[in-house]
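Novice: Input file: entry-v5.pdb. Contents: PDB, C-alpha atoms.
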```pdb
MODEL        1
ATOM      1  CA  MET L 249      37.927  13.375 -24.999
ATOM      2  CA  SER L 250      39.011  11.277 -27.958
ATOM      3  CA  SER L 251      37.270   8.068 -28.963
ATOM      4  CA  SER L 252      40.563   6.158 -28.535
ATOM      5  CA  ALA L 253      40.111   6.491 -24.763
ATOM      6  CA  PHE L 254      37.006   4.277 -25.050
ATOM      7  CA  ALA L 255      38.402   1.743 -27.501
ATOM      8  CA  ALA L 256      37.387  -1.096 -25.169
ATOM      9  CA  LEU L 257      33.718  -0.084 -25.463
ATOM     10  CA  PRO L 258      31.417  -0.519 -28.449
ATOM     11  CA  THR L 259      30.610   2.645 -30.373
ATOM     12  CA  VAL L 260      27.068   2.645 -29.017
ATOM     13  CA  LEU L 261      28.310   2.930 -25.437
ATOM     14  CA  HIS L 262      30.659   5.846 -26.094
ATOM     15  CA  PRO L 263      29.788   8.971 -24.087
ATOM     16  CA  LYS L 264      28.554  12.180 -25.646
ATOM     17  CA  GLU L 265      30.310  15.465 -25.134
ATOM     18  CA  GLU L 266      27.432  16.603 -22.912
ATOM     19  CA  ASP L 267      27.987  13.662 -20.558
ATOM     20  CA  ILE L 268      31.682  14.466 -20.151
ATOM     21  CA  GLN L 269      30.914  18.137 -19.549
ATOM     22  CA  MET L 270      28.347  17.238 -16.897
ATOM     23  CA  MET L 271      30.848  14.983 -15.133
ATOM     24  CA  LEU L 272      33.494  17.697 -15.158
ATOM     25  CA  SER L 273      31.126  20.406 -13.922
ATOM     26  CA  ALA L 274      29.864  18.140 -11.103
ATOM     27  CA  GLY L 275      33.436  17.396  -9.970
ATOM     28  CA  VAL L 276      33.277  13.635 -10.532
ATOM     29  CA  HIS L 277      37.010  13.642 -11.349
ATOM     30  CA  THR L 278      38.064  15.430  -8.141
ATOM     31  CA  GLY L 279      39.693  13.114  -5.629
ATOM     32  CA  THR L 280      41.242  13.660  -2.204
ATOM     33  CA  ARG L 281      44.757  14.419  -0.998
ATOM     34  CA  ASN L 282      45.274  10.796   0.048
ATOM     35  CA  SER L 283      45.327   7.783  -2.231
ATOM     36  CA  ASP L 284      44.939   4.052  -1.738
ATOM     37  CA  LYS L 285      47.370   1.565  -3.242
ATOM     38  CA  MET L 286      44.560  -0.265  -5.027
ATOM     39  CA  MET L 287      43.192   2.954  -6.560
ATOM     40  CA  GLU L 288      46.419   3.976  -8.326
ATOM     41  CA  GLU L 289      45.291   2.607 -11.691
ATOM     42  CA  TYR L 290      42.225   4.899 -11.615
ATOM     43  CA  ILE L 291      44.170   8.076 -10.746
ATOM     44  CA  TRP L 292      45.230  10.190 -13.717
ATOM     45  CA  ARG L 293      47.561  12.649 -11.979
ATOM     46  CA  ARG L 294      48.021  14.846  -8.928
ATOM     47  CA  ARG L 295      47.457  18.593  -8.938
ATOM     48  CA  LYS L 296      49.779  21.187  -7.449
ATOM     49  CA  ASP L 297      47.480  21.661  -4.449
ATOM     50  CA  GLY L 298      47.815  17.962  -3.617
ATOM     51  CA  LEU L 299      44.409  16.725  -4.834
ATOM     52  CA  HIS L 300      44.326  13.609  -6.987
ATOM     53  CA  VAL L 301      42.496  13.729 -10.304
ATOM     54  CA  LEU L 302      40.568  10.597 -11.302
ATOM     55  CA  ASN L 303      40.432   9.250 -14.848
ATOM     56  CA  ILE L 304      36.957  10.063 -16.202
ATOM     57  CA  GLY L 305      37.394   7.612 -19.067
ATOM     58  CA  LYS L 306      37.682   4.724 -16.631
ATOM     59  CA  THR L 307      34.787   6.120 -14.628
ATOM     60  CA  TRP L 308      32.572   5.924 -17.717
ATOM     61  CA  GLU L 309      33.776   2.415 -18.580
ATOM     62  CA  LYS L 310      33.019   1.181 -15.069
ATOM     63  CA  ILE L 311      29.546   2.779 -15.135
ATOM     64  CA  MET L 312      28.807   0.843 -18.344
ATOM     65  CA  LEU L 313      30.115  -2.372 -16.774
ATOM     66  CA  ALA L 314      28.086  -1.862 -13.595
ATOM     67  CA  ALA L 315      24.917  -1.208 -15.629
ATOM     68  CA  ARG L 316      25.400  -4.484 -17.513
ATOM     69  CA  VAL L 317      25.873  -6.312 -14.215
ATOM     70  CA  ILE L 318      22.670  -4.790 -12.808
ATOM     71  CA  VAL L 319      20.654  -5.668 -15.915
ATOM     72  CA  ALA L 320      21.846  -9.275 -15.658
ATOM     73  CA  ILE L 321      19.820  -9.621 -12.447
ATOM     74  CA  GLU L 322      16.393 -10.846 -13.595
ATOM     75  CA  ASN L 323      14.437  -9.473 -10.646
ATOM     76  CA  PRO L 324      15.235  -5.770 -10.105
ATOM     77  CA  GLU L 325      14.196  -6.046  -6.437
ATOM     78  CA  ASP L 326      17.194  -8.303  -5.807
ATOM     79  CA  VAL L 327      19.430  -5.232  -6.182
ATOM     80  CA  VAL L 328      19.973  -3.078  -3.072
ATOM     81  CA  ALA L 329      21.472   0.420  -3.152
ATOM     82  CA  ILE L 330      22.904   1.707   0.127
ATOM     83  CA  SER L 331      24.059   5.123   1.323
ATOM     84  CA  ALA L 332      24.826   6.000   4.922
ATOM     85  CA  ARG L 333      26.245   9.342   3.788
ATOM     86  CA  PRO L 334      23.586  12.096   3.832
ATOM     87  CA  TRP L 335      24.670  13.408   0.410
ATOM     88  CA  GLY L 336      23.698  10.115  -1.232
ATOM     89  CA  MET L 337      20.388   9.317   0.469
ATOM     90  CA  ARG L 338      18.220  11.123  -2.054
ATOM     91  CA  ALA L 339      20.218   9.688  -4.974
ATOM     92  CA  VAL L 340      19.795   6.143  -3.638
ATOM     93  CA  LEU L 341      16.030   6.564  -3.197
ATOM     94  CA  LYS L 342      15.608   7.990  -6.694
ATOM     95  CA  PHE L 343      17.791   5.266  -8.208
ATOM     96  CA  ALA L 344      15.686   2.595  -6.532
ATOM     97  CA  HIS L 345      12.481   4.305  -7.676
ATOM     98  CA  TYR L 346      13.392   4.468 -11.362
ATOM     99  CA  THR L 347      15.163   1.109 -11.649
ATOM    100  CA  GLY L 348      12.790  -0.908  -9.447
ATOM    101  CA  SER L 349      15.468  -1.928  -6.939
ATOM    102  CA  GLN L 350      15.509  -1.665  -3.153
ATOM    103  CA  SER L 351      17.284   1.013  -1.137
ATOM    104  CA  ILE L 352      18.633   1.543   2.362
ATOM    105  CA  ALA L 353      19.106   5.250   3.069
ATOM    106  CA  GLY L 354      20.652   6.146   6.404
ATOM    107  CA  ARG L 355      22.110   3.889   9.043
ATOM    108  CA  PHE L 356      22.657   0.271   8.040
ATOM    109  CA  THR L 357      21.375  -2.134  10.699
ATOM    110  CA  PRO L 358      24.042  -4.782  11.431
ATOM    111  CA  GLY L 359      22.778  -8.256  10.596
ATOM    112  CA  THR L 360      20.526  -7.155   7.734
ATOM    113  CA  PHE L 361      22.219  -9.669   5.396
ATOM    114  CA  THR L 362      23.316 -12.297   7.947
ATOM    115  CA  ASN L 363      20.814 -12.445  10.830
ATOM    116  CA  GLN L 364      17.525 -14.021   9.734
ATOM    117  CA  ILE L 365      15.768 -13.064  12.967
ATOM    118  CA  THR L 366      15.885  -9.333  12.285
ATOM    119  CA  LYS L 367      12.854  -7.673  10.716
ATOM    120  CA  GLN L 368      14.987  -5.952   8.091
ATOM    121  CA  PHE L 369      16.564  -9.220   6.916
ATOM    122  CA  ARG L 370      17.192  -9.218   3.156
ATOM    123  CA  GLU L 371      18.797 -11.588   0.699
ATOM    124  CA  PRO L 372      19.866  -9.474  -2.291
ATOM    125  CA  ARG L 373      21.850 -10.759  -5.218
ATOM    126  CA  LEU L 374      23.705  -7.482  -5.828
ATOM    127  CA  LEU L 375      24.785  -4.585  -3.624
ATOM    128  CA  ILE L 376      25.466  -0.987  -4.724
ATOM    129  CA  VAL L 377      27.425   1.095  -2.212
ATOM    130  CA  THR L 378      27.994   4.859  -2.212
ATOM    131  CA  ASP L 379      31.176   4.810  -0.103
ATOM    132  CA  PRO L 380      33.057   1.606   0.864
ATOM    133  CA  ARG L 381      34.428   3.274   3.995
ATOM    134  CA  THR L 382      31.158   4.738   5.302
ATOM    135  CA  ASP L 383      29.196   1.606   4.330
ATOM    136  CA  SER L 384      31.877  -0.798   5.508
ATOM    137  CA  GLN L 385      29.431  -2.831   7.616
ATOM    138  CA  ALA L 386      27.263  -3.605   4.595
ATOM    139  CA  VAL L 387      30.301  -4.493   2.473
ATOM    140  CA  ARG L 388      31.634  -6.799   5.189
ATOM    141  CA  GLU L 389      28.311  -8.624   5.578
ATOM    142  CA  ALA L 390      27.998  -8.954   1.806
ATOM    143  CA  SER L 391      31.346 -10.756   1.763
ATOM    144  CA  TYR L 392      30.021 -13.232   4.353
ATOM    145  CA  VAL L 393      27.065 -14.262   2.182
ATOM    146  CA  ASN L 394      28.813 -13.975  -1.226
ATOM    147  CA  ILE L 395      26.979 -10.914  -2.534
ATOM    148  CA  PRO L 396      28.843  -9.045  -5.303
ATOM    149  CA  VAL L 397      29.450  -5.377  -4.513
ATOM    150  CA  ILE L 398      29.466  -2.351  -6.839
ATOM    151  CA  ALA L 399      30.994   0.684  -5.114
ATOM    152  CA  PHE L 400      31.716   4.312  -5.964
ATOM    153  CA  CYS L 401      35.314   4.712  -4.855
ATOM    154  CA  ASP L 402      37.314   7.879  -4.282
ATOM    155  CA  SER L 403      41.087   8.057  -4.486
ATOM    156  CA  ASP L 404      41.416   7.003  -0.823
ATOM    157  CA  SER L 405      38.649   4.359  -0.679
ATOM    158  CA  PRO L 406      39.519   0.802   0.395
ATOM    159  CA  LEU L 407      38.719  -1.867  -2.199
ATOM    160  CA  GLN L 408      38.512  -4.911   0.054
ATOM    161  CA  HIS L 409      35.483  -7.076  -0.874
ATOM    162  CA  VAL L 410      34.585  -4.686  -3.734
ATOM    163  CA  ASP L 411      33.979  -6.448  -7.066
ATOM    164  CA  VAL L 412      33.271  -3.473  -9.376
ATOM    165  CA  ALA L 413      34.920  -0.200  -8.349
ATOM    166  CA  ILE L 414      33.626   2.939 -10.080
ATOM    167  CA  PRO L 415      36.201   5.728  -9.591
ATOM    168  CA  ALA L 416      34.264   8.877  -8.696
ATOM    169  CA  ASN L 417      34.072  11.632  -6.144
ATOM    170  CA  ASN L 418      31.807  10.181  -3.442
ATOM    171  CA  LYS L 419      31.994  13.187  -1.114
ATOM    172  CA  GLY L 420      30.155  15.821  -3.152
ATOM    173  CA  LYS L 421      26.371  15.915  -3.479
ATOM    174  CA  HIS L 422      26.453  16.882  -7.148
ATOM    175  CA  SER L 423      28.955  14.187  -8.008
ATOM    176  CA  ILE L 424      27.031  11.440  -6.191
ATOM    177  CA  GLY L 425      23.721  12.504  -7.709
ATOM    178  CA  LEU L 426      25.118  12.668 -11.247
ATOM    179  CA  VAL L 427      26.832   9.266 -11.085
ATOM    180  CA  TYR L 428      23.657   7.579  -9.809
ATOM    181  CA  TRP L 429      21.685   9.366 -12.535
ATOM    182  CA  LEU L 430      24.059   8.129 -15.236
ATOM    183  CA  LEU L 431      23.927   4.593 -13.851
ATOM    184  CA  ALA L 432      20.112   4.582 -13.704
ATOM    185  CA  ARG L 433      19.860   5.979 -17.237
ATOM    186  CA  GLU L 434      22.198   3.324 -18.620
ATOM    187  CA  VAL L 435      20.287   0.557 -16.841
ATOM    188  CA  LEU L 436      17.013   1.725 -18.369
ATOM    189  CA  ARG L 437      18.651   2.017 -21.792
ATOM    190  CA  LEU L 438      19.940  -1.559 -21.633
ATOM    191  CA  ARG L 439      16.492  -2.742 -20.593
ATOM    192  CA  GLY L 440      14.972  -0.926 -23.540
ATOM    193  CA  THR L 441      12.816   1.402 -21.444
ATOM    194  CA  VAL L 442      14.650   4.560 -22.547
ATOM    195  CA  SER L 443      15.816   5.187 -26.100
ATOM    196  CA  ARG L 444      19.439   6.115 -26.759
ATOM    197  CA  THR L 445      18.474   8.564 -29.472
ATOM    198  CA  SER L 446      16.409  10.757 -27.130
ATOM    199  CA  ASP L 447      17.245  12.367 -23.800
ATOM    200  CA  TRP L 448      15.958  10.925 -20.541
ATOM    201  CA  ASP L 449      13.042  13.049 -19.341
ATOM    202  CA  VAL L 450      14.150  12.812 -15.682
ATOM    203  CA  PRO L 451      16.320  15.818 -14.710
ATOM    204  CA  VAL L 452      19.554  15.347 -12.796
ATOM    205  CA  ASP L 453      18.384  17.751 -10.087
ATOM    206  CA  LEU L 454      16.071  15.098  -8.644
ATOM    207  CA  PHE L 455      19.100  13.028  -7.615
ATOM    208  CA  PHE L 456      20.853  15.899  -5.811
ATOM    209  CA  HIS L 457      20.743  16.212  -2.046
ATOM    210  CA  ARG L 458      18.648  19.103  -0.728
ATOM    211  CA  ASP L 459      19.123  20.743   2.639
ATOM    212  CA  ILE L 460      15.982  21.101   4.749
ATOM    213  CA  GLU L 461      17.062  24.558   5.897
ATOM    214  CA  GLU L 462      17.581  25.708   2.313
ATOM    215  CA  LEU L 463      14.181  24.337   1.319
ATOM    216  CA  LYS L 464      12.539  26.178   4.226
ATOM    217  CA  LYS L 465      14.226  29.434   3.238
ATOM    218  CA  ASN L 466      13.123  29.022  -0.369
ATOM    219  CA  GLU L 467       9.558  28.255   0.702
ATOM    220  CA  GLU L 468       9.482  31.307   2.968
ATOM    221  CA  GLU L 469      10.818  33.529   0.194
ATOM    222  CA  GLN L 470       8.229  32.209  -2.248
ATOM    223  CA  ALA L 471       5.460  32.691   0.331
ATOM    224  CA  THR L 472       6.472  36.312   0.937
ATOM    225  CA  LYS L 473       6.550  36.954  -2.820
ATOM    226  CA  VAL L 474       3.065  35.485  -3.202
ATOM    227  CA  GLU L 475       1.748  37.578  -0.313
ATOM    228  CA  GLU L 476       3.260  40.724  -1.776
ATOM    229  CA  ALA L 477       1.740  39.987  -5.162
ATOM    230  CA  ALA L 478      -1.696  39.204  -3.681
ATOM    231  CA  ALA L 479      -1.841  42.253  -1.350
ATOM    232  CA  PRO L 480      -3.817  45.222  -2.825
ATOM    233  CA  ALA L 481      -1.691  48.175  -3.767
ATOM    234  CA  ALA L 482      -2.100  51.270  -1.583
ATOM    235  CA  VAL L 483      -4.148  54.034  -3.270
ATOM    236  CA  TYR L 484      -3.166  57.621  -2.540
ATOM    237  CA  ASP L 485      -5.832  60.268  -3.431
ATOM    238  CA  ASP L 486      -4.390  63.303  -5.158
ATOM    239  CA  ALA L 487      -5.001  66.550  -3.309
ATOM    240  CA  VAL L 488      -7.990  68.259  -4.903
ATOM    241  CA  PRO L 489      -7.545  72.039  -5.113
ATOM    242  CA  ASP L 490     -10.235  74.176  -3.493
ATOM    243  CA  VAL L 491     -12.562  75.632  -6.081
ATOM    244  CA  ASP L 492     -14.933  78.520  -5.409
ATOM    245  CA  ALA L 493     -18.586  77.527  -5.358
ATOM    246  CA  GLY L 494     -19.362  80.204  -7.894
ATOM    247  CA  ALA L 495     -17.564  78.285 -10.556
ATOM    248  CA  PHE L 496     -20.266  75.605 -10.337
ATOM    249  CA  THR L 497     -23.363  77.839  -9.790
ATOM    250  CA  GLY L 498     -22.622  80.191 -12.641
ATOM    251  CA  GLU L 499     -22.331  83.262 -10.388
ATOM    252  CA  PRO L 500     -19.562  85.707 -11.286
ATOM    253  CA  VAL L 501     -16.472  85.333  -9.201
ATOM    254  CA  VAL L 502     -15.312  88.581  -7.636
ATOM    255  CA  ALA L 503     -11.642  89.110  -8.213
ATOM    256  CA  ALA L 504      -9.506  89.785  -5.183
ATOM    257  CA  PRO L 505      -8.234  93.350  -4.798
ATOM    258  CA  GLU L 506      -4.815  93.908  -6.189
ATOM    259  CA  ALA L 507      -2.070  93.757  -3.702
ATOM    260  CA  ALA L 508      -0.552  97.010  -2.667
ATOM    261  CA  GLN L 509       2.566  97.939  -4.496
ATOM    262  CA  TRP L 510       5.283  97.838  -1.893
ATOM    263  CA  SER L 511       7.718  99.511  -4.241
ATOM    264  CA  ALA L 512       5.800 102.838  -3.957
ATOM    265  CA  GLU L 513       6.464 103.420  -0.253
ATOM    266  CA  PRO L 514      10.251 103.478  -0.459
ATOM    267  CA  VAL L 515       9.990 105.986  -3.323
ATOM    268  CA  ALA L 516       7.847 108.319  -1.168
ATOM    269  CA  GLU L 517      10.214 107.978   1.743
ATOM    270  CA  ALA L 518      13.153 108.803  -0.534
ATOM    271  CA  ALA L 519      11.397 111.951  -1.766
ATOM    272  CA  ALA L 520      10.711 113.089   1.813
ATOM    273  CA  ALA L 521      14.359 112.538   2.673
ATOM    274  CA  GLU L 522      15.456 114.762  -0.185
ATOM    275  CA  GLN L 523      13.333 117.639   1.231
ATOM    276  CA  TRP L 524      15.283 117.516   4.474
TER
ENDMDL
END
```
Let's see the structure in the file written out as structure tokens.

Specialist:
Amino acid sequence: MSSSAFAALPTVLHPKEEDIQMMLSAGVHTGTRNSDKMMEEYIWRRRKDGLHVLNIGKTWEKIMLAARVIVAIENPEDVVAISARPWGMRAVLKFAHYTGSQSIAGRFTPGTFTNQITKQFREPRLLIVTDPRTDSQAVREASYVNIPVIAFCDSDSPLQHVDVAIPANNKGKHSIGLVYWLLAREVLRLRGTVSRTSDWDVPVDLFFHRDIEELKKNEEEQATKVEEAAAPAAVYDDAVPDVDAGAFTGEPVVAAPEAAQWSAEPVAEAAAAEQW
């Protein structure tokens, strides 16, 4: 992708070729068959199969903007990342762990931002949402208490009460994990924790959702491999040929009598037949 696509960004914030390749391989640009009126400016084109393709250049620009907004919050704990979608729960927890923010993975309890009586009551200054449609309750309550919202929006996502929309595929586990990883890395770079010249030592795989069933299968396979490696190999004794005792005592071994020559009998019978 040419540098002219990121003319609005400083040269330091331009993406590397590796970043673009990762976004393409994770399917960040893949949208849905439907599109929202407000998301038209983020859609590049529509494929023959009906799927909309998002503009990755704008996705990168919005990730940079969102990172600058997050860094502007002095206390990292005033930022809350939310994901009711199972694919984004692990990504939200890892994002909160590395950036020092709070996270709500799973069902959002109504009244968390508005009802002070509830035990889970919180007063964040910034909200990060994985899907505006799935997390609509959190977005609605944030609008009641004037909390700015950063949301990962697909081609069909509603943008009501969303302040910073990051166009990305929010329905794939690899896409969600990669976008959260890029956002966390940029936040740490702006804070000065991670250098821009070196790679972040945290792999992207930590942000990907993992199925419990798949993990159990992998653990069982590894356990069987370990058991097979630890089990002693079966030893089969080679058949030892019988050896005459005389070979060990030094006594001469008597040779067996030669077998009778069976070819002689038919010759004798033939001679007798000629006499008749």

Novice: Output the residue selection produced by the PyMOL selection byres ((chain L and resi 421) around 9) on the file above, formatted as a ChimeraX atom specification.

Specialist: /L:274,334-336,339,418-420,422-426,455-458

Novice: Give the answer as one residue: which of L:Gly305, L:Gly275, L:Gly354, L:Gly440 has the shortest atom-to-atom distance to Ile414 of chain L, using all atoms listed in the file?

Specialist: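 Ranking L:Gly305, L:Gly275, L:Gly354, L:Gly440 by distance to Ile414 of chain L, first place goes to L:Gly305.
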
Novice: Show me, as a tab-separated table, the residues of segment 394-482 of chain L having an atom within 12 Å of segment 291-295 of chain L, each with the closest atom pair and its distance in Å, using all atoms listed in the file.

Specialist:
```
residue	atom	partner	partner_atom	distance
L:Cys401	CA	L:Ile291	CA	11.2
L:Asp402	CA	L:Ile291	CA	9.4
L:Ser403	CA	L:Ile291	CA	7.0
L:Asp404	CA	L:Ile291	CA	10.4
L:Ile414	CA	L:Ile291	CA	11.7
L:Pro415	CA	L:Ile291	CA	8.4
L:Ala416	CA	L:Ile291	CA	10.1
L:Asn417	CA	L:Ile291	CA	11.7
```

Novice: List, as a PyMOL selection string, every residue that the PyMOL selection byres ((chain L and resi 314) around 12) selects in the file provided.

Specialist: chain L and resi 307-313+315-321+327+374-377+396-400+411-415+427-428+430-435+438

Novice: I'd like to see the residues matched by the PyMOL selection byres ((chain L and resi 286) around 9) on this file, and ideally I'd get them as a ChimeraX atom specification.

Specialist: /L:283-285,287-290,404-407

Novice: Given the choices L:Leu261, L:Ala353, L:Leu299, L:Met270, which gets closest to Arg333 of chain L if the distance is worked out from all atoms listed in the file?

Specialist: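 Distance minimum relative to Arg333 of chain L lands on L:Ala353.
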
Novice: Quick one: pull the distance between atom CA of Gln269 of chain L and atom CA of Asn303 of chain L, Å, one decimal.

Specialist: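 According to the coordinates, atom CA of Gln269 of chain L and atom CA of Asn303 of chain L are separated by 13.8 Å.
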
Novice: My list of candidates is L:Val340, L:Ala329, L:Val410, L:Val474. Which is closest to Trp429 of chain L when distances are computed with all atoms listed in the file?

Specialist: L:Val340

Novice: As an exercise, work out the distance from atom CA of Ile352 of chain L to atom CA of Val328 of chain L in Å and give it to one decimal place.

Specialist: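 Value for the atom CA of Ile352 of chain L-atom CA of Val328 of chain L distance: 7.3 Å.
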
Novice: Which is closer to Ile330 of chain L than all the others in L:Thr347, L:Thr382, L:Asn363, L:Thr472, using all atoms listed in the file?

Specialist: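 Selected residue with least distance to Ile330 of chain L: L:Thr382.
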
Novice: Could you check the closest approach to Asp453 of chain L for each of L:Lys306, L:Lys296, L:His409, L:Arg338 and tell me which residue wins, using all atoms listed in the file?

Specialist: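 Closest residue, counting all atoms listed in the file: L:Arg338.
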
Novice: Rounded to one decimal place, report the atom CA of Glu371 of chain L-atom CA of Asp326 of chain L distance in Å.

Specialist: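 One can read the atom CA of Glu371 of chain L to atom CA of Asp326 of chain L distance as 7.5 Å.
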
Novice: Tell me which of L:Leu302, L:Asn323, L:Met337, L:Arg381 sits closest to Asp459 of chain L, counting only C-alpha atoms.

Specialist: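 Going through L:Leu302, L:Asn323, L:Met337, L:Arg381 one by one, the smallest distance to Asp459 of chain L is for L:Met337.
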
Novice: So which residues touch Gln408 of chain L within 10 Å, counting all atoms listed in the file, skipping near sequence neighbours fewer than 5 positions away, as a PyMOL selection string?

Specialist: chain L and resi 286+380-381+384+387-388+391

Novice: Put those residues in a file: C-alpha atoms, as a short mmCIF file (atom, residue, chain, number, x, y, z; two decimals), keeping the file's coordinate frame.

Specialist:
```cif
data_model
loop_
_atom_site.label_atom_id
_atom_site.label_comp_id
_atom_site.auth_asym_id
_atom_site.auth_seq_id
_atom_site.Cartn_x
_atom_site.Cartn_y
_atom_site.Cartn_z
CA MET L 286 44.56 -0.26 -5.03
CA PRO L 380 33.06 1.61 0.86
CA ARG L 381 34.43 3.27 4.00
CA SER L 384 31.88 -0.80 5.51
CA VAL L 387 30.30 -4.49 2.47
CA ARG L 388 31.63 -6.80 5.19
CA SER L 391 31.35 -10.76 1.76
#
```
